[in-house]
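Inspection log for the structure reproduced underneath, given as structure tokens.
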Amino acid sequence: MKLSRLLLPRDFALALIVIGLIVAIGVRAPVFVTPDSLVGVLTDTSFLFMLTLAQMAVILTRGIDLSVAANLALTGMICALVSRALPDLPIAGVIVLAIVLGAALGAVNGALIAFLDIPPIVVTLGTLSVYRGATFLVAHGAWLTSKDMTPAFLAFPRLSFGGVSILIIIAALVSFGFWVLLGHTRLGRGLYAVGGNPVAARYCGIELGGQQFFVHTLAGAVSGLCGYLWVSRYGIAYTDIAQGYELTIIAACVIGGVSIAGGIGTVAGALLGALFLGVVVNALPVINVSPFWQMLISGAVILTAVVINARSAKRPGKLILRPARNLEGTA
Amino acid sequence: MIAPEIAATPRYEVADRPPRRLADFLLSWETILVALLIAVFVVNTINSKYFLDFYNLSDATFNFSEKAMLALTMALLIIVRDIDLSIAAIIALASLAMGMAAQAGAPTPALIAIGLGVGLACGAFNGALVTGFGLPSIVVTIGTMSLFRGIAQVVLGDQALTKYPASFQAIGQGYVSECWPFPISFVLFLALALAFGIFLHRTTTGRRIYAIGSNPTAALFSGIRVDRIRFGLFVLMGLMSGLAAVLLTGRIGSTRPNIALGFELEVVTMVVLGGVSIAGGSGRIVGVVLAVFVLGFTTFGLSLINVPGIVISILNGFLLIVSIAAPALVRRFMRGKR
């Protein structure tokens with residue numbers, strides 16, 4: 001397979017921009033481009049990688065999932081509580097619990113969307129409040145700190161193999177999984193089909209409802225996994241963890257060239273979009289810029305990205321609105 | 001001479017709209033909301049003896065009047081299939097501008113003008129990006145949400161601006177008069193609700209808004225200046241956010257970078273609960289006003305019995321999902337019976 005097929009021109013351009021950004025920061029602060037520091041950036045961004053891919057799968061079907069961060073918080077909190085109540089539970093059990101619980105919360109979204117025909121934005125807006133509130137309720141508003149967590153619970157995200165954190169390895173495995181799913185399975189191609197044209201997809205025997213249920217459950221499972229990893233990595237669980245993170249995730253998708261109108265998006269693009277935000281967030285303190293700039297920069301980047309995307313995408317429907325004088329010219 | 005006769009006696013009579021039946025009225029969204037509102041009042045009155053008190057209820061409106069005004073405008077945007085998630089960030093930016101002007105000693109009228117002006121400019125920026133470049137409004141406003149609040153964060157850092165003239169604070173905190181102890185913001189909301197109701201349901205532009213929401217392409221081909229109306233609505237949304245910023249800043253008397261955080265989702269909840277379809281083209285102002293009261297008085301009643309805010313937000317989330325899911329279930333059930 002040629003490189004040009006692996007990376008679409010747009011993704012290639014974005015990759016160049018990200019590399020350019022890293023080089024530019026490196027010139028200003030050489031410490032940023034040391035291997036250790038770059039691995040640190042990847043480790044920090046691994047949550048965003050996974051969640052962005054999950055969100056992309058949802059957006060491909062013309063949906064959106066605003067509840068992922070709340071799902072992450074709730075699952076993380078429940079994992080911490082379970083681990084405190086059952087200190088002997090092996091870590092594999094906690095991870096399975098996180099994935100199953102997250103998937104169940106995602107399936108609730110999926111069921112409401114697919115079987116009751118409620119728009120995804122409405123359902124996930126509602127479950128966003130419900131899951132966030134439930135996080136408060138299950139812990140009675142308490143904060144669980146590293147003192148409440150078992151050593152094994154805390155140690156897992158700190159494992160590293162040859163200097164590479166297990167978080168990067170998990171993110172890489174999840175990314176590979178999404179690459180196989182979206183590019184090389186009937187199910188994954190179906191997601192592009194329903195997003196590109198739901199009616200045509202239906203005539204081909206691909207039902208929108210089933211696809212929606214699947215992607216929301218999948219997004220929930222990924223959020224759940226990230227919930228455990230997040231809580232154990234930062235050693236704290238409270239109601240507001242990852243508050244507002246759903247919008248960062250959507251921003252990463254948009255920067256990565258995922259079309260909010262559905263049917264367009266690549267794994268490489270989404271990863272690059274997440275990496276871009278990850279580099280910006282991690283570089284600001286290094287180059288002595290106040291972290292308060294982070295929000296402004298990501299806003300400006302999102303707007304630039306969508307404007308560029310819109311320019312590159314031709315809209316044939318516009319032709320019909322050509323000014324009258326042009327029509328006279330052709331007549 | 002046959003042709004005119006045929007024209008005079010059409011073979012088919014097609015009514016403009018089907019005749020209204022009692023069942024339609026009873027099952028209408030607004031009726032359900034009224035029932036819900038009555039239930040909210042009954043339950044809250046049973047729960048707390050402080051609920052059904054004229055002064056308490058009147059004061060409770062302080063907490064939702066700003067969001068309620070935003071909901072009126074958001075309803076119009078959602079009817080034309082757009083959305084504005086940057087409203088809370090516009091409030092932050094407008095509040096910042098007013099705070100800085102107040103520190104420099106600007107008088108109250110100037111502060112109001114600055115707040116409204118910043119809101120207007122932000123709304124125009126959103127509108128220009130959405131209609132000028134043909135971008136989806138949800139993406140644009142997620143971007144401008146970060147941008148506007150980002151500016152406020154960069155300028156304010158972890159500081160707060162708290163020097164406001166008393167006459168400015170009086171707008172957000174004050175009552176209409178001694179014998180009319182209604183908050184100014186609430187009366188303003190009621191007046192705006194009336195104006196929006198007339199605008200949406202009784203003017204040509206209002207009908208055009210529905211036409212765009214039902215089918216933007218058909219609306220365009222029938223001569224409606226779709227993008228001009230959408231742009232206008234974004235500007236209006238910005239202006240209303242500026243107004244909300246004036247009232248909110250005056251009411252709490254300070255500007256912090258996290259002012260009005262999360263308002264956008266609460267406002268969208270009000271609009272959707274009010275029966276405005278997120279797919280566009282349907283919904284009424286009456287419904288939005290009723291939904292504002294349902295959510296506002298639920299929150300007030302629960303806070304009277306010391307339910308924490310986060311638990312109230314669970315209930316609001318449930319209310320949103322159940323209120324949309326229940327009619328869908330009923331429809332499915334009715335279809336199954338036939």
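Naming scheme: A, B, ... for chains in displayed order of the structure tokens; residues 1 onward per chain; ligands 1 onward as shown.
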
Restrict the distance test to only C-alpha atoms, flag each residue of chain A within 7 Å of chain B, and return the flagged residues as JSON, numbers by chain.
{"A": [116, 123, 126, 127, 129, 130, 133, 292, 293, 295, 296, 298, 299, 300, 302, 303, 307, 310]}

Using DSSP on the backbone coordinates, identify the residues of range 147-301 of chain A assigned to strand (DSSP E); present them as a list of chain:residue names.
A:Ser160, A:Phe161, A:Val164, A:Ser165, A:Ile236, A:Ala237

Identify, on the basis of only C-alpha atoms, every residue whose closest approach to Leu188 in chain B does not exceed 10 Å; exclude the query and any residue fewer than 3 positions from it along the same chain; express the result as a compact mmCIF listing (two decimals) with C-alpha atoms, in the first residue's frame.
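File selection.txt, as written:
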# COMPACT_ATOMS: atom_id res chain seq x y z
CA SER B 65 -35.01 35.02 33.97
CA GLU B 66 -31.67 35.50 32.18
CA MET B 69 -34.58 35.26 27.66
CA VAL B 176 -40.15 47.10 39.20
CA PRO B 183 -37.85 41.49 39.55
CA ILE B 184 -37.05 43.78 36.62
CA SER B 185 -35.43 40.88 34.80
CA ALA B 191 -42.35 41.46 27.76
CA LEU B 192 -39.81 39.77 25.51
CA ALA B 193 -41.83 36.54 25.50
CA LEU B 194 -44.86 38.49 24.28

Going by DSSP on the backbone, which bits of range 222-315 of chain B are alpha helix (DSSP H)? Write them as a short mmCIF file (atom, residue, chain, number, x, y, z; two decimals) with N, CA and C atoms, in the first residue's frame, please.
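Output saved as part.cif:
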data_model
loop_
_atom_site.label_atom_id
_atom_site.label_comp_id
_atom_site.auth_asym_id
_atom_site.auth_seq_id
_atom_site.Cartn_x
_atom_site.Cartn_y
_atom_site.Cartn_z
N VAL B 226 -32.76 33.23 3.02
CA VAL B 226 -32.49 32.31 4.12
C VAL B 226 -31.30 32.78 4.95
N ASP B 227 -30.19 33.05 4.28
CA ASP B 227 -28.98 33.38 5.03
C ASP B 227 -29.10 34.71 5.76
N ARG B 228 -29.85 35.64 5.16
CA ARG B 228 -30.01 36.93 5.83
C ARG B 228 -30.78 36.74 7.13
N ILE B 229 -31.85 35.93 7.10
CA ILE B 229 -32.64 35.69 8.31
C ILE B 229 -31.81 34.95 9.35
N ARG B 230 -31.06 33.93 8.90
CA ARG B 230 -30.23 33.18 9.86
C ARG B 230 -29.19 34.11 10.48
N PHE B 231 -28.58 34.95 9.65
CA PHE B 231 -27.60 35.89 10.18
C PHE B 231 -28.24 36.80 11.22
N GLY B 232 -29.44 37.29 10.87
CA GLY B 232 -30.15 38.16 11.79
C GLY B 232 -30.42 37.47 13.12
N LEU B 233 -30.78 36.18 13.06
CA LEU B 233 -31.07 35.46 14.30
C LEU B 233 -29.81 35.29 15.15
N PHE B 234 -28.68 35.05 14.50
CA PHE B 234 -27.43 34.95 15.28
C PHE B 234 -27.09 36.28 15.95
N VAL B 235 -27.32 37.38 15.22
CA VAL B 235 -27.07 38.70 15.81
C VAL B 235 -28.00 38.92 17.00
N LEU B 236 -29.28 38.53 16.81
CA LEU B 236 -30.26 38.68 17.89
C LEU B 236 -29.84 37.85 19.11
N MET B 237 -29.36 36.63 18.83
CA MET B 237 -28.90 35.76 19.92
C MET B 237 -27.75 36.42 20.67
N GLY B 238 -26.82 37.05 19.92
CA GLY B 238 -25.70 37.75 20.55
C GLY B 238 -26.19 38.91 21.40
N LEU B 239 -27.13 39.68 20.82
CA LEU B 239 -27.67 40.84 21.53
C LEU B 239 -28.33 40.40 22.84
N MET B 240 -29.10 39.29 22.75
CA MET B 240 -29.79 38.79 23.94
C MET B 240 -28.78 38.30 24.97
N SER B 241 -27.69 37.69 24.51
CA SER B 241 -26.65 37.27 25.44
C SER B 241 -26.04 38.49 26.12
N GLY B 242 -25.88 39.59 25.35
CA GLY B 242 -25.39 40.83 25.94
C GLY B 242 -26.32 41.33 27.03
N LEU B 243 -27.64 41.26 26.74
CA LEU B 243 -28.63 41.69 27.73
C LEU B 243 -28.55 40.80 28.98
N ALA B 244 -28.43 39.47 28.74
CA ALA B 244 -28.32 38.55 29.87
C ALA B 244 -27.06 38.86 30.67
N ALA B 245 -25.99 39.26 29.97
CA ALA B 245 -24.74 39.60 30.66
C ALA B 245 -24.95 40.82 31.55
N VAL B 246 -25.69 41.82 31.05
CA VAL B 246 -25.96 43.03 31.85
C VAL B 246 -26.69 42.63 33.13
N LEU B 247 -27.76 41.82 32.98
CA LEU B 247 -28.58 41.46 34.14
C LEU B 247 -27.80 40.57 35.11
N LEU B 248 -27.10 39.57 34.55
CA LEU B 248 -26.40 38.62 35.41
C LEU B 248 -25.24 39.29 36.15
N THR B 249 -24.47 40.10 35.42
CA THR B 249 -23.34 40.79 36.05
C THR B 249 -23.84 41.71 37.15
N GLY B 250 -24.94 42.41 36.85
CA GLY B 250 -25.49 43.30 37.86
C GLY B 250 -25.99 42.51 39.07
N ARG B 251 -26.62 41.37 38.80
CA ARG B 251 -27.22 40.59 39.89
C ARG B 251 -26.15 40.04 40.81
N ILE B 252 -25.08 39.43 40.25
CA ILE B 252 -24.07 38.84 41.12
C ILE B 252 -22.95 39.83 41.43
N PHE B 263 -24.45 27.51 30.86
CA PHE B 263 -25.77 28.05 30.54
C PHE B 263 -26.30 27.49 29.23
N GLU B 264 -25.38 27.28 28.25
CA GLU B 264 -25.85 26.91 26.91
C GLU B 264 -26.65 25.61 26.96
N LEU B 265 -26.18 24.65 27.76
CA LEU B 265 -26.89 23.37 27.79
C LEU B 265 -28.22 23.50 28.53
N GLU B 266 -28.24 24.32 29.58
CA GLU B 266 -29.51 24.54 30.30
C GLU B 266 -30.53 25.22 29.39
N VAL B 267 -30.06 26.17 28.59
CA VAL B 267 -30.97 26.89 27.71
C VAL B 267 -31.50 25.95 26.63
N VAL B 268 -30.62 25.11 26.07
CA VAL B 268 -31.08 24.16 25.05
C VAL B 268 -32.10 23.20 25.67
N THR B 269 -31.87 22.80 26.93
CA THR B 269 -32.83 21.93 27.61
C THR B 269 -34.19 22.60 27.71
N MET B 270 -34.21 23.89 28.09
CA MET B 270 -35.48 24.62 28.18
C MET B 270 -36.21 24.62 26.84
N VAL B 271 -35.44 24.87 25.77
CA VAL B 271 -36.06 24.99 24.45
C VAL B 271 -36.62 23.65 24.00
N VAL B 272 -35.84 22.58 24.19
CA VAL B 272 -36.28 21.27 23.72
C VAL B 272 -37.47 20.78 24.55
N LEU B 273 -37.41 21.01 25.86
CA LEU B 273 -38.54 20.64 26.71
C LEU B 273 -39.78 21.44 26.31
N ILE B 285 -43.60 29.55 21.06
CA ILE B 285 -43.06 30.34 22.17
C ILE B 285 -43.77 29.99 23.47
N VAL B 286 -45.11 29.74 23.40
CA VAL B 286 -45.85 29.39 24.61
C VAL B 286 -45.20 28.18 25.29
N GLY B 287 -44.84 27.19 24.48
CA GLY B 287 -44.23 25.98 25.03
C GLY B 287 -42.92 26.31 25.73
N VAL B 288 -42.11 27.15 25.10
CA VAL B 288 -40.82 27.51 25.70
C VAL B 288 -41.04 28.21 27.03
N VAL B 289 -42.01 29.14 27.07
CA VAL B 289 -42.27 29.86 28.31
C VAL B 289 -42.71 28.88 29.41
N LEU B 290 -43.60 27.95 29.03
CA LEU B 290 -44.06 26.96 30.02
C LEU B 290 -42.89 26.11 30.52
N ALA B 291 -42.01 25.70 29.59
CA ALA B 291 -40.87 24.87 29.98
C ALA B 291 -39.94 25.63 30.93
N VAL B 292 -39.78 26.93 30.67
CA VAL B 292 -38.97 27.77 31.55
C VAL B 292 -39.53 27.72 32.96
N PHE B 293 -40.87 27.85 33.07
CA PHE B 293 -41.49 27.82 34.40
C PHE B 293 -41.35 26.45 35.05
N VAL B 294 -41.57 25.39 34.25
CA VAL B 294 -41.46 24.04 34.81
C VAL B 294 -40.07 23.83 35.39
N LEU B 295 -39.04 24.14 34.59
CA LEU B 295 -37.67 23.91 35.06
C LEU B 295 -37.31 24.87 36.20
N GLY B 296 -37.70 26.13 36.05
CA GLY B 296 -37.34 27.14 37.06
C GLY B 296 -37.95 26.82 38.41
N PHE B 297 -39.26 26.48 38.43
CA PHE B 297 -39.91 26.24 39.72
C PHE B 297 -39.56 24.87 40.29
N THR B 298 -39.21 23.91 39.42
CA THR B 298 -38.71 22.63 39.94
C THR B 298 -37.43 22.89 40.73
N THR B 299 -36.53 23.64 40.10
CA THR B 299 -35.26 23.95 40.75
C THR B 299 -35.48 24.67 42.06
N PHE B 300 -36.38 25.67 42.04
CA PHE B 300 -36.63 26.45 43.25
C PHE B 300 -37.21 25.58 44.35
N GLY B 301 -38.22 24.77 43.98
CA GLY B 301 -38.88 23.93 44.98
C GLY B 301 -37.91 22.95 45.62
N LEU B 302 -37.06 22.35 44.78
CA LEU B 302 -36.12 21.36 45.32
C LEU B 302 -35.05 22.02 46.18
N SER B 303 -34.63 23.24 45.79
CA SER B 303 -33.60 23.88 46.60
C SER B 303 -34.18 24.31 47.95
N LEU B 304 -35.53 24.51 48.01
CA LEU B 304 -36.16 24.84 49.29
C LEU B 304 -36.03 23.68 50.28
N GLY B 309 -27.74 21.15 44.09
CA GLY B 309 -27.93 21.56 42.70
C GLY B 309 -27.65 20.45 41.71
N ILE B 310 -26.65 19.64 42.01
CA ILE B 310 -26.27 18.60 41.06
C ILE B 310 -27.37 17.53 40.95
N VAL B 311 -28.08 17.30 42.05
CA VAL B 311 -29.18 16.33 42.02
C VAL B 311 -30.34 16.91 41.22
N ILE B 312 -30.55 18.22 41.36
CA ILE B 312 -31.59 18.87 40.57
C ILE B 312 -31.27 18.72 39.09
N SER B 313 -29.97 18.79 38.75
CA SER B 313 -29.62 18.66 37.34
C SER B 313 -29.88 17.25 36.83
N ILE B 314 -29.79 16.24 37.72
CA ILE B 314 -30.18 14.88 37.31
C ILE B 314 -31.64 14.88 36.92
N LEU B 315 -32.47 15.48 37.79
CA LEU B 315 -33.90 15.50 37.53
C LEU B 315 -34.21 16.23 36.23
#

Closest to Phe189 in chain B among B:Met334, B:Leu57, B:Ala166, B:Ala71, using only C-alpha atoms?
B:Ala71

Surrounding residues of Thr45 in chain A excluding itself and chain neighbours under 5 positions, 8 Å, only C-alpha atoms, as a ChimeraX atom specification:
/A:274-275,278

Spatial neighbours of range 156-161 of chain A, max dist 7 Å, only C-alpha atoms, sep filter under 3 positions, as a PyMOL selection string
chain A and resi 152-153+164-167+229+232-233

Please provide as a count of residues only all residues within 7 Å of Ala171 in chain A, with the sequence filter that same-chain residues fewer than 5 positions apart are discarded (counting only C-alpha atoms).
3
